[in-house]
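Peer 1: Dropping in query.tsv, which is TSV, C-alpha atoms:
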```tsv
chain	number	residue	atom	x	y	z
A	1	MET	CA	-32.29	66.86	-6.86
A	2	THR	CA	-35.54	67.33	-8.71
A	3	ILE	CA	-38.71	65.53	-7.75
A	4	MET	CA	-38.42	63.40	-10.92
A	5	ARG	CA	-34.83	62.34	-10.10
A	6	LYS	CA	-35.78	61.53	-6.52
A	7	HIS	CA	-38.60	59.39	-7.77
A	8	LEU	CA	-36.35	57.58	-10.23
A	9	PHE	CA	-33.69	57.04	-7.56
A	10	CYS	CA	-36.27	55.55	-5.23
A	11	LEU	CA	-37.43	53.20	-7.96
A	12	LEU	CA	-33.89	52.00	-8.76
A	13	MET	CA	-32.65	51.52	-5.18
A	14	PRO	CA	-34.19	48.07	-4.76
A	15	PHE	CA	-32.65	47.00	-8.06
A	16	PHE	CA	-29.14	48.05	-7.02
A	17	GLY	CA	-29.63	46.35	-3.69
A	18	LEU	CA	-30.67	43.14	-5.44
A	19	LEU	CA	-27.69	43.39	-7.78
A	20	GLY	CA	-25.31	43.74	-4.85
A	21	MET	CA	-26.95	40.76	-3.15
A	22	ASN	CA	-26.54	38.64	-6.30
A	23	CYS	CA	-22.83	39.50	-6.48
A	24	SER	CA	-22.34	38.52	-2.85
A	25	GLU	CA	-24.21	35.28	-3.37
A	26	LYS	CA	-22.09	34.52	-6.44
A	27	LYS	CA	-18.88	34.95	-4.42
A	28	VAL	CA	-20.22	32.67	-1.69
A	29	GLU	CA	-21.21	30.05	-4.26
A	30	ASP	CA	-17.79	30.21	-5.94
A	31	HIS	CA	-16.03	29.83	-2.59
A	32	LYS	CA	-18.33	26.96	-1.69
A	33	THR	CA	-17.54	25.23	-5.00
A	34	VAL	CA	-13.77	25.50	-4.41
A	35	PHE	CA	-14.14	24.32	-0.82
A	36	THR	CA	-16.27	21.36	-1.88
A	37	LYS	CA	-13.71	20.26	-4.50
A	38	ALA	CA	-10.79	20.54	-2.05
A	39	ASP	CA	-12.77	18.68	0.59
A	40	SER	CA	-13.63	15.91	-1.86
A	41	LEU	CA	-10.01	15.60	-3.02
A	42	THR	CA	-8.84	15.41	0.58
A	43	ASP	CA	-11.24	12.55	1.27
A	44	ARG	CA	-10.11	10.65	-1.82
A	45	TYR	CA	-6.43	11.30	-1.10
A	46	LEU	CA	-6.76	9.96	2.43
A	47	ALA	CA	-8.84	7.01	1.21
A	48	TYR	CA	-6.10	6.03	-1.26
A	49	GLN	CA	-3.48	6.34	1.48
A	50	ASP	CA	-5.51	4.09	3.78
A	51	SER	CA	-6.16	1.52	1.03
A	52	MET	CA	-2.48	1.30	0.10
A	53	LEU	CA	-1.42	0.96	3.72
A	54	GLN	CA	-3.99	-1.76	4.35
A	55	SER	CA	-2.98	-3.66	1.21
A	56	TRP	CA	0.70	-3.36	2.10
A	57	ASN	CA	0.19	-4.49	5.70
A	58	ILE	CA	-1.85	-7.53	4.62
A	59	MET	CA	0.91	-8.53	2.20
A	60	ILE	CA	3.72	-8.08	4.73
A	61	ASN	CA	1.76	-9.83	7.48
A	62	ASP	CA	1.21	-12.81	5.20
A	63	ASP	CA	4.92	-12.89	4.41
A	64	ASN	CA	5.68	-12.80	8.13
A	65	GLN	CA	3.33	-15.74	8.67
A	66	LYS	CA	5.16	-17.68	5.94
A	67	ILE	CA	8.50	-17.01	7.64
A	68	LYS	CA	7.02	-18.05	10.98
A	69	ALA	CA	5.81	-21.31	9.41
A	70	MET	CA	9.33	-21.95	8.11
A	71	HIS	CA	10.73	-21.39	11.60
A	72	ASN	CA	8.17	-23.86	12.95
A	73	LEU	CA	9.09	-26.33	10.24
A	74	LEU	CA	12.75	-26.10	11.21
A	75	HIS	CA	11.86	-26.62	14.87
A	76	GLU	CA	9.81	-29.71	14.01
A	77	LEU	CA	12.65	-31.11	11.91
A	78	LEU	CA	15.11	-30.43	14.70
A	79	VAL	CA	12.98	-32.44	17.13
A	80	THR	CA	12.93	-35.48	14.89
A	81	ASN	CA	16.35	-35.14	13.23
A	82	ALA	CA	19.00	-34.31	15.82
A	83	ASP	CA	21.74	-35.39	13.42
A	84	ASP	CA	20.84	-32.47	11.12
A	85	ARG	CA	21.27	-29.91	13.90
A	86	GLU	CA	24.05	-27.90	12.20
A	87	LEU	CA	22.29	-27.85	8.85
A	88	LEU	CA	19.02	-26.74	10.42
A	89	ARG	CA	20.72	-24.05	12.48
A	90	GLY	CA	22.25	-22.74	9.28
A	91	TYR	CA	18.78	-22.44	7.76
A	92	GLU	CA	17.58	-20.74	10.95
A	93	GLU	CA	20.25	-18.07	10.57
A	94	GLN	CA	19.27	-17.49	6.94
A	95	LEU	CA	15.64	-17.07	7.99
A	96	ASN	CA	16.61	-14.53	10.63
A	97	GLN	CA	18.47	-12.54	7.99
A	98	LEU	CA	15.59	-12.71	5.51
A	99	VAL	CA	13.44	-10.05	7.17
A	100	GLY	CA	16.37	-7.64	7.09
A	101	LEU	CA	16.63	-8.14	3.33
A	102	ARG	CA	12.98	-7.37	2.70
A	103	TYR	CA	12.04	-4.37	0.60
A	104	THR	CA	10.06	-1.35	1.81
A	105	GLN	CA	7.71	0.93	-0.12
A	106	GLN	CA	10.71	3.17	-0.73
A	107	SER	CA	13.49	0.66	-1.40
A	108	MET	CA	11.40	-1.38	-3.86
A	109	GLY	CA	12.07	1.39	-6.36
A	110	ASN	CA	15.36	-0.46	-6.82
A	111	ALA	CA	14.51	-3.65	-8.71
A	112	GLU	CA	17.62	-5.39	-7.34
A	113	VAL	CA	16.35	-5.07	-3.77
A	114	VAL	CA	13.15	-6.96	-4.61
A	115	GLU	CA	15.00	-9.50	-6.75
A	116	GLU	CA	17.52	-10.22	-3.97
A	117	TYR	CA	14.76	-10.78	-1.44
A	118	ASP	CA	12.72	-12.94	-3.80
A	119	PHE	CA	15.73	-15.10	-4.62
A	120	ALA	CA	16.63	-15.61	-0.95
A	121	SER	CA	13.01	-16.34	0.01
A	122	ALA	CA	12.36	-18.70	-2.90
A	123	THR	CA	15.59	-20.59	-2.21
A	124	LEU	CA	14.72	-21.13	1.44
A	125	VAL	CA	11.14	-22.17	0.64
A	126	SER	CA	12.31	-24.68	-1.95
A	127	GLU	CA	15.11	-26.18	0.16
A	128	LEU	CA	13.09	-26.44	3.36
A	129	ILE	CA	10.13	-28.08	1.64
A	130	SER	CA	12.43	-30.52	-0.16
A	131	LEU	CA	14.22	-31.33	3.09
A	132	ALA	CA	10.96	-31.95	4.96
A	133	GLU	CA	9.48	-34.11	2.22
A	134	SER	CA	12.67	-36.19	2.03
A	135	LYS	CA	12.31	-37.34	5.63
A	136	LYS	CA	10.73	-40.74	6.20
A	137	GLU	CA	8.53	-39.35	8.99
A	138	PHE	CA	6.92	-36.88	6.57
A	139	ALA	CA	4.53	-39.61	5.41
A	140	TYR	CA	2.86	-39.82	8.83
A	141	ASN	CA	3.84	-36.56	10.60
A	142	THR	CA	0.77	-34.37	10.05
A	143	THR	CA	2.50	-31.34	11.63
A	144	LEU	CA	5.22	-31.42	8.99
A	145	GLN	CA	2.64	-31.89	6.27
A	146	LYS	CA	0.53	-28.94	7.43
A	147	LEU	CA	3.53	-26.63	7.76
A	148	VAL	CA	4.79	-27.52	4.29
A	149	GLU	CA	1.34	-26.89	2.82
A	150	GLU	CA	1.05	-23.59	4.70
A	151	ILE	CA	4.42	-22.42	3.37
A	152	ARG	CA	3.66	-23.51	-0.18
A	153	ILE	CA	0.26	-21.79	-0.29
A	154	ALA	CA	1.60	-18.58	1.28
A	155	ASP	CA	4.39	-18.50	-1.28
A	156	GLN	CA	1.87	-18.81	-4.08
A	157	ARG	CA	-0.14	-15.87	-2.68
A	158	VAL	CA	2.75	-13.43	-3.04
A	159	ALA	CA	1.99	-12.59	-6.67
A	160	ASN	CA	-1.69	-11.93	-5.90
A	161	TYR	CA	-0.92	-9.59	-3.01
A	162	ARG	CA	1.58	-7.66	-5.11
A	163	GLU	CA	-0.90	-7.35	-7.94
A	164	GLU	CA	-3.53	-6.00	-5.54
A	165	TYR	CA	-1.09	-3.46	-4.14
A	166	ASP	CA	0.01	-2.37	-7.62
A	167	HIS	CA	-3.61	-1.86	-8.64
A	168	ILE	CA	-4.30	0.52	-5.75
A	169	ALA	CA	-0.92	2.29	-6.05
A	170	ASP	CA	-1.43	2.78	-9.78
A	171	GLN	CA	-4.82	4.41	-9.18
A	172	TYR	CA	-3.21	6.63	-6.55
A	173	ASN	CA	-0.46	7.67	-8.98
A	174	GLN	CA	-3.01	8.60	-11.62
A	175	PHE	CA	-4.97	10.56	-9.02
A	176	LEU	CA	-1.82	12.54	-8.17
A	177	GLU	CA	-1.16	13.32	-11.83
A	178	ARG	CA	-4.61	14.84	-12.19
A	179	ASN	CA	-4.75	16.73	-8.90
A	180	THR	CA	-1.25	17.63	-7.67
A	181	ALA	CA	-1.96	21.36	-7.96
A	182	TYR	CA	-4.87	21.05	-5.54
A	183	LEU	CA	-3.18	18.60	-3.20
A	184	THR	CA	-0.32	20.93	-2.26
A	185	ASP	CA	-2.75	22.63	0.12
A	186	ILE	CA	-3.79	19.32	1.64
A	187	SER	CA	-0.43	17.81	2.48
A	188	ASN	CA	3.21	18.82	2.61
A	189	HIS	CA	4.47	18.88	-0.98
A	190	ASP	CA	7.44	16.67	-0.05
A	191	THR	CA	5.08	13.87	0.97
A	192	ILE	CA	3.13	13.92	-2.28
A	193	HIS	CA	4.89	11.59	-4.67
A	194	LYS	CA	4.07	8.58	-6.76
A	195	LYS	CA	4.42	5.09	-5.35
A	196	HIS	CA	6.76	2.47	-6.71
A	197	LEU	CA	5.08	-0.54	-8.28
A	198	PHE	CA	6.14	-4.17	-8.19
A	199	ARG	CA	5.88	-4.36	-11.94
A	200	MET	CA	8.67	-1.82	-11.90
A	201	VAL	CA	6.97	0.96	-13.82
A	202	ALA	CA	9.21	4.00	-13.54
A	203	VAL	CA	7.85	6.70	-11.26
A	204	GLU	CA	8.98	10.26	-10.65
```
Could you render the structure as structure tokens?
Peer 2:
Amino acid sequence: MTIMRKHLFCLLMPFFGLLGMNCSEKKVEDHKTVFTKADSLTDRYLAYQDSMLQSWNIMINDDNQKIKAMHNLLHELLVTNADDRELLRGYEEQLNQLVGLRYTQQSMGNAEVVEEYDFASATLVSELISLAESKKEFAYNTTLQKLVEEIRIADQRVANYREEYDHIADQYNQFLERNTAYLTDISNHDTIHKKHLFRMVAVE
């Protein structure tokens, strides 16, 4: 190697070193970008899951409280109306069966499951309230009055809770549509699927 070539080589060495460093930094930055996106999607995915679960649990808990209030109403009627014992026991059996009829996040994909539960629940609410209000003691029995009001208000809240759940589940479904390709690395593919909505929008 001539003196001139050696000199030129010495001059260019720092440049090649810098070039190699830039390439390495670029790879690190690209990897960091991918990692950051996956990390962000994971956080959002888990946040949607938590929000849906919380919304669902609030709705079901409220429904359980309504059923409990109906049981309490039947007990109060039984105390004051011994002659209606058989009728009230019949209602008690229907209430016990009601929880078994209730939909789940999976079964509500079948509209008939929700409709059957709603019909059974609405029928019991209507008949028990009518029965309580028809009793002469209802005018002065504050326990009966409070239980009837509790049942009526809880029944009216059903639509609001379902709307709130649908809103979150719909956002989750849209999130899945946009990011399914990335989410397969976050969770088992079999667990990544759209949620059924109460407004019965078809889901895959």
Peer 1: Measuring between all atoms listed in the file, which one of A:Ala159, A:Leu87, A:Ile58, A:Leu131 shows the shortest distance to Leu144 in chain A?
Peer 2: A:Leu131
Peer 1: Suppose you want the space between CA of Leu101 in chain A and CA of Ser134 in chain A; what is it in Å?
Peer 2: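 The value is 28.4 Å.
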Peer 1: Select all residues near (9.4, -32.4, 8.3) (cut-off 10 Å, inclusive, file coordinates), counting all atoms listed in the file, and output them as a VMD selection string.
Peer 2: chain A and resid 72 to 81 128 to 148
Peer 1: Of the candidates A:Arg44, A:Lys66, A:Arg152, A:Arg199, which shows the shortest atom-to-atom distance to Glu164 in chain A, using all atoms listed in the file?
Peer 2: A:Arg199
Peer 1: From (10.1, -22.0, 1.2), in the file's coordinates, out to 12 Å: which residues are reached, counting only C-alpha atoms? Answer as a PyMOL selection string.
Peer 2: chain A and resi 63+65-71+73-74+91+94-95+98+118-132+147-156
Peer 1: Have a look at A:Gln49, A:Gln54, A:Asp83, A:Asp39 and name the one nearest to Lys195 in chain A; count only C-alpha atoms.
Peer 2: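 Looking at the shortest contact to Lys195 in chain A, the residue is A:Gln49.
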Peer 1: What is the CA of Val158 in chain A-CA of Asn61 in chain A distance in Å, reported with one decimal?
Peer 2: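 So the answer is 11.2 Å.
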Peer 1: Step by step, gather every atom of range 44-50 of chain A that the file lists, find the box along x, y and z that holds them, add 4 Å on each side, and finally give centre and edge lengths in Å to one decimal, as lines of an AutoDock Vina configuration file.
Peer 2:
```
center_x = -6.8
center_y = 7.7
center_z = 1.0
size_x = 14.6
size_y = 15.2
size_z = 13.6
```
Peer 1: Rounded to one decimal place, report the CA of Arg178 in chain A-CA of Asn110 in chain A distance in Å.
Peer 2: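 Computing it gives 25.7 Å between the two atoms.
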Peer 1: When you write range 90-107 of chain A out from the block above, keep C-alpha atoms and present the result as a PDB file, in the first residue's frame, please.
Peer 2:
```
ATOM      1  CA  GLY A  90     -94.817 -20.224  43.146  1.00  0.00           C
ATOM      2  CA  TYR A  91     -93.297 -16.797  42.523  1.00  0.00           C
ATOM      3  CA  GLU A  92     -90.340 -17.754  44.717  1.00  0.00           C
ATOM      4  CA  GLU A  93     -89.645 -20.776  42.519  1.00  0.00           C
ATOM      5  CA  GLN A  94     -89.799 -18.632  39.386  1.00  0.00           C
ATOM      6  CA  LEU A  95     -87.318 -16.203  40.921  1.00  0.00           C
ATOM      7  CA  ASN A  96     -84.941 -19.038  41.761  1.00  0.00           C
ATOM      8  CA  GLN A  97     -85.081 -20.176  38.140  1.00  0.00           C
ATOM      9  CA  LEU A  98     -84.534 -16.670  36.779  1.00  0.00           C
ATOM     10  CA  VAL A  99     -80.790 -16.529  37.445  1.00  0.00           C
ATOM     11  CA  GLY A 100     -80.342 -19.803  35.560  1.00  0.00           C
ATOM     12  CA  LEU A 101     -82.032 -18.250  32.531  1.00  0.00           C
ATOM     13  CA  ARG A 102     -79.773 -15.212  32.481  1.00  0.00           C
ATOM     14  CA  TYR A 103     -77.516 -14.613  29.500  1.00  0.00           C
ATOM     15  CA  THR A 104     -73.717 -14.556  29.572  1.00  0.00           C
ATOM     16  CA  GLN A 105     -71.282 -12.600  27.406  1.00  0.00           C
ATOM     17  CA  GLN A 106     -71.167 -15.641  25.140  1.00  0.00           C
ATOM     18  CA  SER A 107     -74.807 -16.776  25.106  1.00  0.00           C
TER      19      SER A 107
END
```
